[in-house]
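Read the structure below first, then the notes.
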Amino acid sequence: MAHDKTLQASTLESNVVESQILAFLEPLGQSLGKGVLILDTDLNVVTHNAAALIHSNVPTDLYKSGRSSKNILEFAIKRGDYGPDADIDALWNNILKRSAARKVSTEDVIRTSSNGRVIHAQRTYAEDGSAIVLSEDITDRKRREQLMDLAINSAGAGYWQFSLRTGKFTFSDSIREHLSKAELDRVHKDGFWPLIHPNDLPKVKANWDKAFKSKTIMDFSYRLVLEQSGTTYKRNIGVPIFAENGKAIGVNCLVLDQTEDRGSIRALKRRASEAERMVKAQNAYLANMSHEIRTPMNGVLGMTEALLQNQSASHITQELGIIRDSANMLLKLMDETLDHAKISADKLKLLPELSAPRKMLKDIKRLWVERAKSNNTQLNLNVLESVPDTLIIDPLRYHQCLNNLLSNAIKFTENGQVDIISTIVERGDKPFFVTAIRDTGIGMTQEQLADVFTPYQQATDSTSANYGGTGLGMSIVKQLAELMGGKVTAKSELGQGTTFALSFPLKRREGERRALPRATTVRRESMSDAIQPPAPRSSQPRTNVFAEERAPVDLSRLTVLVAEDNQINQLVVRSLLEPRIAEIVIVDNGQEAIEVLRNRHIDVILMDIHMPIMDGIEATIAIRNSQTSWANTKIIALTADPEYQQVRICRNIGMNYAIPKPLNFSDLITALETVFEDDAQTALQIA
């Protein structure tokens, strides 16, 4: 009898957990169009949202809890979704093999259902063999790609792709139609090269090799000798493609026909102008897409974070952790790729200003303390007395450099120590502001160290497999440091840790007479001396000049006003904060936020930047200029704009803090604690 009661209780708890998961999964499907199907370790259905069933377009009973997912696959194959030659046993055995591997892996599948919709499914396998299947209807995107092909063809252009893995070329129809059957057969057998005029072939191959070695865009013109068209002149603009480990895997290339206007300066100028407009359009597109991607990703990450905060079932927590980590990785890839593109295109602007280095460093440490603890790593900060109270630097780009360096240091250091050390170093009678990040992590060989600042390059294939990343982070640090007139250097020993050091010429306000503080303590030395590798872990001192951590601010009495027009973002903030504060009030725009302030007490406002009727910038300016009792209410900006210029605007108009979307629990709590750190008692009205 006791056993039966225990079983009933376990079943009840499982049903409650399933209901809670569905309550969060359904809004993702309704608002984002994302289907979610969760499978247990035997690949049987655990639960799903309505969008997953719509995407599969199979009978409802196949999605009942406990049914084998093989039944879903069989139904779709028999219906023809995977093509006429699909083999159920081969496909299912592949799924079983991935599940049995008991390691985290992901595979993508694109199929066309019986109703003509194109569905992209991503299967992510956990270490216990369970899986999460995320699905999305990409029919509209595929149609847009077809329209793009039509546009390219209509403009008389074309494209080709080359795979280094297979050694095969593929062409757009606009190129294929000019090739005879014999030429097509020759291309499939010997590649593209036999069709190029013999005198142009060495130049083309040299350009090809240079592009892969330098990882830059290839741009070359040549003559193509064809049976039907004779000799034609072509221009190729290609992008070499590399895997995350830096290995070359192929090329995508746009082909422009220059036969008719060859030698025409006017035509070349026109094309140059068109290329410039394309670059501007691309930059605008990237910026817009970055904003658009962050908005739905906020829903995915926020709801996942909320589930993790409130979920106790270990297997569900593990699977949600996979979703969260994957989404965070996508965001990091996007941010690093955008920054690298802007720097390469000379689009990134610096805005140096008078800054307080000690406060910046304390704030940066605060952001990474929890991440370090999760890796069982101690994070220390040591600012030497020689560092002045103020100096001129771009604070946000300096912050970005340190974030990239700390991210790597903590990622590669488990059960160890990471030190942030800042000082002033004199070299050649010139003072330099130096910040070093020293860790006791896995370290690097000298060969690996030589490539550490090369774009898309990671130490080894296993580094990419075990730790992930684009290989762009250190390259971005180097480029930003040089843009700011400084440099970054590195020292490392395999198994003994790594030290990176940022060095910038010390700049002060014009007319400032104050000499370097405590000049006798300023070290006259080289950068090589300043960044000695860390001592072995066993002898590494574990001290912290800022060991006395601030007392946590009591948030339980806060009344928080959220001005946010996106319903998913509203749900995210409510799910993360409501259990931990006194009250949350949500409005759809800045005008409604002001109306709330007129009628009741609010401790802090979480202000979205982009809203209808009155956006966050307009609302903040109106509040600060209101000359009312609530004019100085704390305001924290919520922004999906990755541009640092946006953060500057927020600060300059009187906002107290800014956090990026997608939101996460740690950033929200850090923001709230930071803005109330100095006057927590009065802000929270604690007697």
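Convention: chains lettered A, B, ... in structure tokens order; per-chain residue numbering from 1; ligands numbered from 1 as shown.
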With DSSP run on the backbone, what are the strand (DSSP E or B) residues within range 22-212 of chain A? I'd like them as a ChimeraX atom specification. /A:34-39,44-48,68,105-112,118-125,131-137,158-163,168-171,196
Pick out the residues sitting within 12 Å of Glu74 in chain A, and hand them over as a PyMOL selection string; count only C-alpha atoms, and ignore anything fewer than 3 positions along from it in its own chain. chain A and resi 56+58+62+68-71+77-82+86-92
Any chance you could export the current selection's C-alpha atoms as a short mmCIF file (atom, residue, chain, number, x, y, z; two decimals), in the first residue's frame?
```cif
data_model
loop_
_atom_site.label_atom_id
_atom_site.label_comp_id
_atom_site.auth_asym_id
_atom_site.auth_seq_id
_atom_site.Cartn_x
_atom_site.Cartn_y
_atom_site.Cartn_z
CA SER A 56 4.48 17.41 -37.93
CA VAL A 58 0.43 13.76 -38.02
CA LEU A 62 1.15 9.68 -32.13
CA SER A 68 7.71 5.99 -29.38
CA SER A 69 8.91 8.82 -31.63
CA LYS A 70 9.65 6.13 -34.23
CA ASN A 71 5.89 6.04 -34.94
CA ILE A 77 8.22 8.70 -44.27
CA LYS A 78 5.25 6.68 -45.58
CA ARG A 79 3.55 9.96 -46.47
CA GLY A 80 6.61 11.01 -48.50
CA ASP A 81 7.93 13.88 -46.35
CA TYR A 82 11.51 12.62 -46.61
CA ALA A 86 13.87 7.47 -47.56
CA ASP A 87 14.76 4.38 -45.48
CA ILE A 88 12.98 4.18 -42.12
CA ASP A 89 15.49 1.72 -40.65
CA ALA A 90 18.49 3.83 -41.67
CA LEU A 91 16.99 7.06 -40.34
CA TRP A 92 15.83 5.50 -37.06
#
```
A straight line from CA of Phe500 in chain A to CA of Ala409 in chain A spans 9.2 Å
Within 6 Å of range 420-426 of chain A, counting only C-alpha atoms, which residues qualify if same-chain residues fewer than 3 places away don't, as a list in words?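 Non-adjacent residues within range: Leu381, Asn382, Val383, Leu384, Ser386, Val387, Asp429, Lys430, Pro431, Phe432, Phe433, Val434, Thr435, Ala436, Ile437, Val522, Arg523 and Arg524 of chain A.
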Written selection (C-alpha atoms) as an mmCIF file, in the first residue's frame:
```cif
data_model
loop_
_atom_site.group_PDB
_atom_site.id
_atom_site.type_symbol
_atom_site.label_atom_id
_atom_site.label_comp_id
_atom_site.auth_asym_id
_atom_site.auth_seq_id
_atom_site.Cartn_x
_atom_site.Cartn_y
_atom_site.Cartn_z
ATOM 1 C CA LEU A 381 40.852 42.091 -8.440
ATOM 2 C CA ASN A 382 44.043 44.001 -7.650
ATOM 3 C CA VAL A 383 44.234 47.692 -8.649
ATOM 4 C CA LEU A 384 47.650 49.124 -7.781
ATOM 5 C CA SER A 386 49.669 53.946 -9.333
ATOM 6 C CA VAL A 387 46.352 53.792 -11.215
ATOM 7 C CA ASP A 429 59.379 57.732 -20.400
ATOM 8 C CA LYS A 430 55.733 57.343 -21.396
ATOM 9 C CA PRO A 431 53.115 56.028 -18.959
ATOM 10 C CA PHE A 432 50.777 53.232 -20.007
ATOM 11 C CA PHE A 433 47.559 52.031 -18.384
ATOM 12 C CA VAL A 434 47.914 48.239 -18.191
ATOM 13 C CA THR A 435 45.279 45.654 -17.264
ATOM 14 C CA ALA A 436 46.247 41.984 -17.118
ATOM 15 C CA ILE A 437 43.965 38.942 -16.905
ATOM 16 C CA VAL A 522 55.056 53.472 -10.977
ATOM 17 C CA ARG A 523 57.086 50.636 -12.397
ATOM 18 C CA ARG A 524 59.571 51.291 -15.205
#
```
Between A:Val418, A:Ile586, A:Leu350, A:Val225, which has the minimum distance to Lys365 in chain A (counting only C-alpha atoms)? A:Val418
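With CA of Gly116 in chain A on one side and CA of Val36 in chain A on the other, the separation reads 20.8 Å.
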What's around Pro240 in chain A at 9 Å? Count only C-alpha atoms, leave out sequence neighbours fewer than 4 positions away in its own chain, and write the answer as a list in words.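 Within the cut-off, the hits are Trp208, Ala211, Phe212, Lys215, Thr216, Ile217, Met218, Ala248, Ile249, Gly250, Val251, Asn252 and Cys253 of chain A.
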Write out as number ranges by chain all residues of range 28-182 of chain A that DSSP puts in helix (DSSP H, G or I) for this structure's backbone. A: 28-32, 50-56, 60-63, 69-79, 88-100, 139-154, 173-176, 181-182
Could those residues be written to a file, using C-alpha atoms, as an mmCIF file, in the first residue's frame?
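File again35.cif, as written:
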```cif
data_model
loop_
_atom_site.group_PDB
_atom_site.id
_atom_site.type_symbol
_atom_site.label_atom_id
_atom_site.label_comp_id
_atom_site.auth_asym_id
_atom_site.auth_seq_id
_atom_site.Cartn_x
_atom_site.Cartn_y
_atom_site.Cartn_z
ATOM 1 C CA LEU A 28 6.770 30.012 -27.403
ATOM 2 C CA GLY A 29 4.812 28.227 -30.106
ATOM 3 C CA GLN A 30 2.055 30.827 -30.290
ATOM 4 C CA SER A 31 4.276 33.903 -30.394
ATOM 5 C CA LEU A 32 7.504 32.590 -31.947
ATOM 6 C CA ALA A 50 0.760 22.664 -30.113
ATOM 7 C CA ALA A 51 3.211 24.115 -32.652
ATOM 8 C CA ALA A 52 5.180 20.833 -32.736
ATOM 9 C CA LEU A 53 2.013 18.912 -33.648
ATOM 10 C CA ILE A 54 1.126 21.459 -36.341
ATOM 11 C CA HIS A 55 4.584 21.216 -37.884
ATOM 12 C CA SER A 56 4.479 17.411 -37.928
ATOM 13 C CA THR A 60 -2.679 13.512 -32.459
ATOM 14 C CA ASP A 61 -2.438 10.097 -30.827
ATOM 15 C CA LEU A 62 1.151 9.679 -32.135
ATOM 16 C CA TYR A 63 2.152 12.521 -29.785
ATOM 17 C CA SER A 69 8.909 8.817 -31.625
ATOM 18 C CA LYS A 70 9.646 6.125 -34.234
ATOM 19 C CA ASN A 71 5.894 6.036 -34.945
ATOM 20 C CA ILE A 72 5.991 9.739 -35.892
ATOM 21 C CA LEU A 73 8.973 9.153 -38.181
ATOM 22 C CA GLU A 74 7.325 6.129 -39.851
ATOM 23 C CA PHE A 75 4.135 8.063 -40.560
ATOM 24 C CA ALA A 76 6.042 10.988 -42.128
ATOM 25 C CA ILE A 77 8.217 8.696 -44.273
ATOM 26 C CA LYS A 78 5.253 6.677 -45.577
ATOM 27 C CA ARG A 79 3.552 9.961 -46.469
ATOM 28 C CA ILE A 88 12.975 4.176 -42.124
ATOM 29 C CA ASP A 89 15.486 1.720 -40.655
ATOM 30 C CA ALA A 90 18.493 3.828 -41.669
ATOM 31 C CA LEU A 91 16.987 7.058 -40.337
ATOM 32 C CA TRP A 92 15.832 5.504 -37.055
ATOM 33 C CA ASN A 93 19.164 3.708 -36.507
ATOM 34 C CA ASN A 94 20.943 7.045 -36.912
ATOM 35 C CA ILE A 95 18.686 8.563 -34.228
ATOM 36 C CA LEU A 96 19.281 5.584 -31.918
ATOM 37 C CA LYS A 97 23.039 5.850 -32.473
ATOM 38 C CA ARG A 98 23.113 9.534 -31.516
ATOM 39 C CA SER A 99 21.009 8.868 -28.427
ATOM 40 C CA ALA A 100 23.170 5.915 -27.382
ATOM 41 C CA THR A 139 8.282 27.895 -46.005
ATOM 42 C CA ASP A 140 8.248 31.681 -46.341
ATOM 43 C CA ARG A 141 12.018 31.891 -46.000
ATOM 44 C CA LYS A 142 12.495 29.272 -48.723
ATOM 45 C CA ARG A 143 10.188 31.216 -50.990
ATOM 46 C CA ARG A 144 12.187 34.375 -50.372
ATOM 47 C CA GLU A 145 15.360 32.495 -51.311
ATOM 48 C CA GLN A 146 13.707 31.416 -54.546
ATOM 49 C CA LEU A 147 12.752 35.024 -55.229
ATOM 50 C CA MET A 148 16.371 36.023 -54.564
ATOM 51 C CA ASP A 149 17.495 33.479 -57.169
ATOM 52 C CA LEU A 150 15.029 34.964 -59.622
ATOM 53 C CA ALA A 151 16.345 38.457 -58.878
ATOM 54 C CA ILE A 152 19.950 37.348 -59.424
ATOM 55 C CA ASN A 153 19.025 35.654 -62.682
ATOM 56 C CA SER A 154 17.050 38.674 -63.852
ATOM 57 C CA ASP A 173 20.531 28.002 -63.282
ATOM 58 C CA SER A 174 21.735 31.264 -64.849
ATOM 59 C CA ILE A 175 25.222 29.735 -65.186
ATOM 60 C CA ARG A 176 24.120 26.182 -65.921
ATOM 61 C CA LYS A 181 26.086 18.757 -71.597
ATOM 62 C CA ALA A 182 29.728 17.895 -72.264
#
```
Would you mind listing what lies within 6 Å of range 126-128 of chain A as a tab-separated table (two decimals) with C-alpha atoms, in the first residue's frame, with only C-alpha atoms counted and same-chain residues fewer than 2 positions away left out?
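around-v1.tsv was written with the following content:
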```tsv
chain	number	residue	atom	x	y	z
A	102	ARG	CA	25.39	9.67	-24.40
A	103	LYS	CA	26.89	13.02	-25.28
A	104	VAL	CA	25.49	16.40	-26.25
A	130	SER	CA	17.06	12.07	-24.04
A	131	ALA	CA	16.36	14.64	-26.75
```
Considering only C-alpha atoms, can you say which of A:Val477, A:Ile442, A:Leu164, A:Met611 comes closest to Thr454 in chain A? A:Val477
Report the distance between CA of Leu668 in chain A and CA of Ser407 in chain A in Å, rounded to one decimal place. 19.3 Å
Nearest to Phe412 in chain A: which of A:Gly473, A:Gly495, A:Gly33, A:Pro388 is it, counting only C-alpha atoms? A:Gly495
Please provide the set of residues having any atom within 9 Å of range 201-207 of chain A, restricted to only C-alpha atoms, with same-chain residues fewer than 3 positions apart removed, written as a list in words.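 My reading of the contact set: Trp193, Pro194, Ile196, His197, Pro198, Lys210, Ala211, Phe212, Met218, Asp219, Phe220, Ser221 and Tyr222 of chain A.
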Would you save the residues from that selection as an mmCIF file, in the first residue's frame, using N, CA and C atoms?
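Saved file result.cif follows:
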```
data_model
loop_
_atom_site.group_PDB
_atom_site.id
_atom_site.type_symbol
_atom_site.label_atom_id
_atom_site.label_comp_id
_atom_site.auth_asym_id
_atom_site.auth_seq_id
_atom_site.Cartn_x
_atom_site.Cartn_y
_atom_site.Cartn_z
ATOM 1 N N TRP A 193 37.901 24.473 -63.197
ATOM 2 C CA TRP A 193 39.127 24.997 -63.777
ATOM 3 C C TRP A 193 39.272 24.787 -65.286
ATOM 4 N N PRO A 194 38.896 23.646 -65.892
ATOM 5 C CA PRO A 194 39.119 23.447 -67.334
ATOM 6 C C PRO A 194 38.411 24.470 -68.223
ATOM 7 N N ILE A 196 38.242 27.742 -67.676
ATOM 8 C CA ILE A 196 38.902 29.043 -67.611
ATOM 9 C C ILE A 196 39.995 29.116 -68.674
ATOM 10 N N HIS A 197 40.127 30.279 -69.302
ATOM 11 C CA HIS A 197 41.170 30.488 -70.313
ATOM 12 C C HIS A 197 42.531 30.147 -69.712
ATOM 13 N N PRO A 198 43.363 29.377 -70.420
ATOM 14 C CA PRO A 198 44.652 28.930 -69.857
ATOM 15 C C PRO A 198 45.534 30.072 -69.368
ATOM 16 N N LYS A 210 45.366 32.827 -52.012
ATOM 17 C CA LYS A 210 45.566 33.973 -51.124
ATOM 18 C C LYS A 210 44.348 34.205 -50.239
ATOM 19 N N ALA A 211 43.153 34.077 -50.829
ATOM 20 C CA ALA A 211 41.923 34.299 -50.066
ATOM 21 C C ALA A 211 41.791 33.298 -48.924
ATOM 22 N N PHE A 212 42.154 32.039 -49.178
ATOM 23 C CA PHE A 212 42.049 31.035 -48.120
ATOM 24 C C PHE A 212 43.114 31.238 -47.040
ATOM 25 N N MET A 218 37.636 36.893 -51.906
ATOM 26 C CA MET A 218 38.336 36.775 -53.187
ATOM 27 C C MET A 218 37.558 37.546 -54.253
ATOM 28 N N ASP A 219 38.292 38.300 -55.053
ATOM 29 C CA ASP A 219 37.677 39.116 -56.099
ATOM 30 C C ASP A 219 38.594 39.061 -57.321
ATOM 31 N N PHE A 220 38.173 38.363 -58.376
ATOM 32 C CA PHE A 220 39.029 38.241 -59.547
ATOM 33 C C PHE A 220 38.190 38.148 -60.818
ATOM 34 N N SER A 221 38.801 38.587 -61.938
ATOM 35 C CA SER A 221 38.161 38.525 -63.251
ATOM 36 C C SER A 221 38.936 37.556 -64.133
ATOM 37 N N TYR A 222 38.246 36.957 -65.079
ATOM 38 C CA TYR A 222 38.870 35.953 -65.938
ATOM 39 C C TYR A 222 38.004 35.745 -67.182
#
```
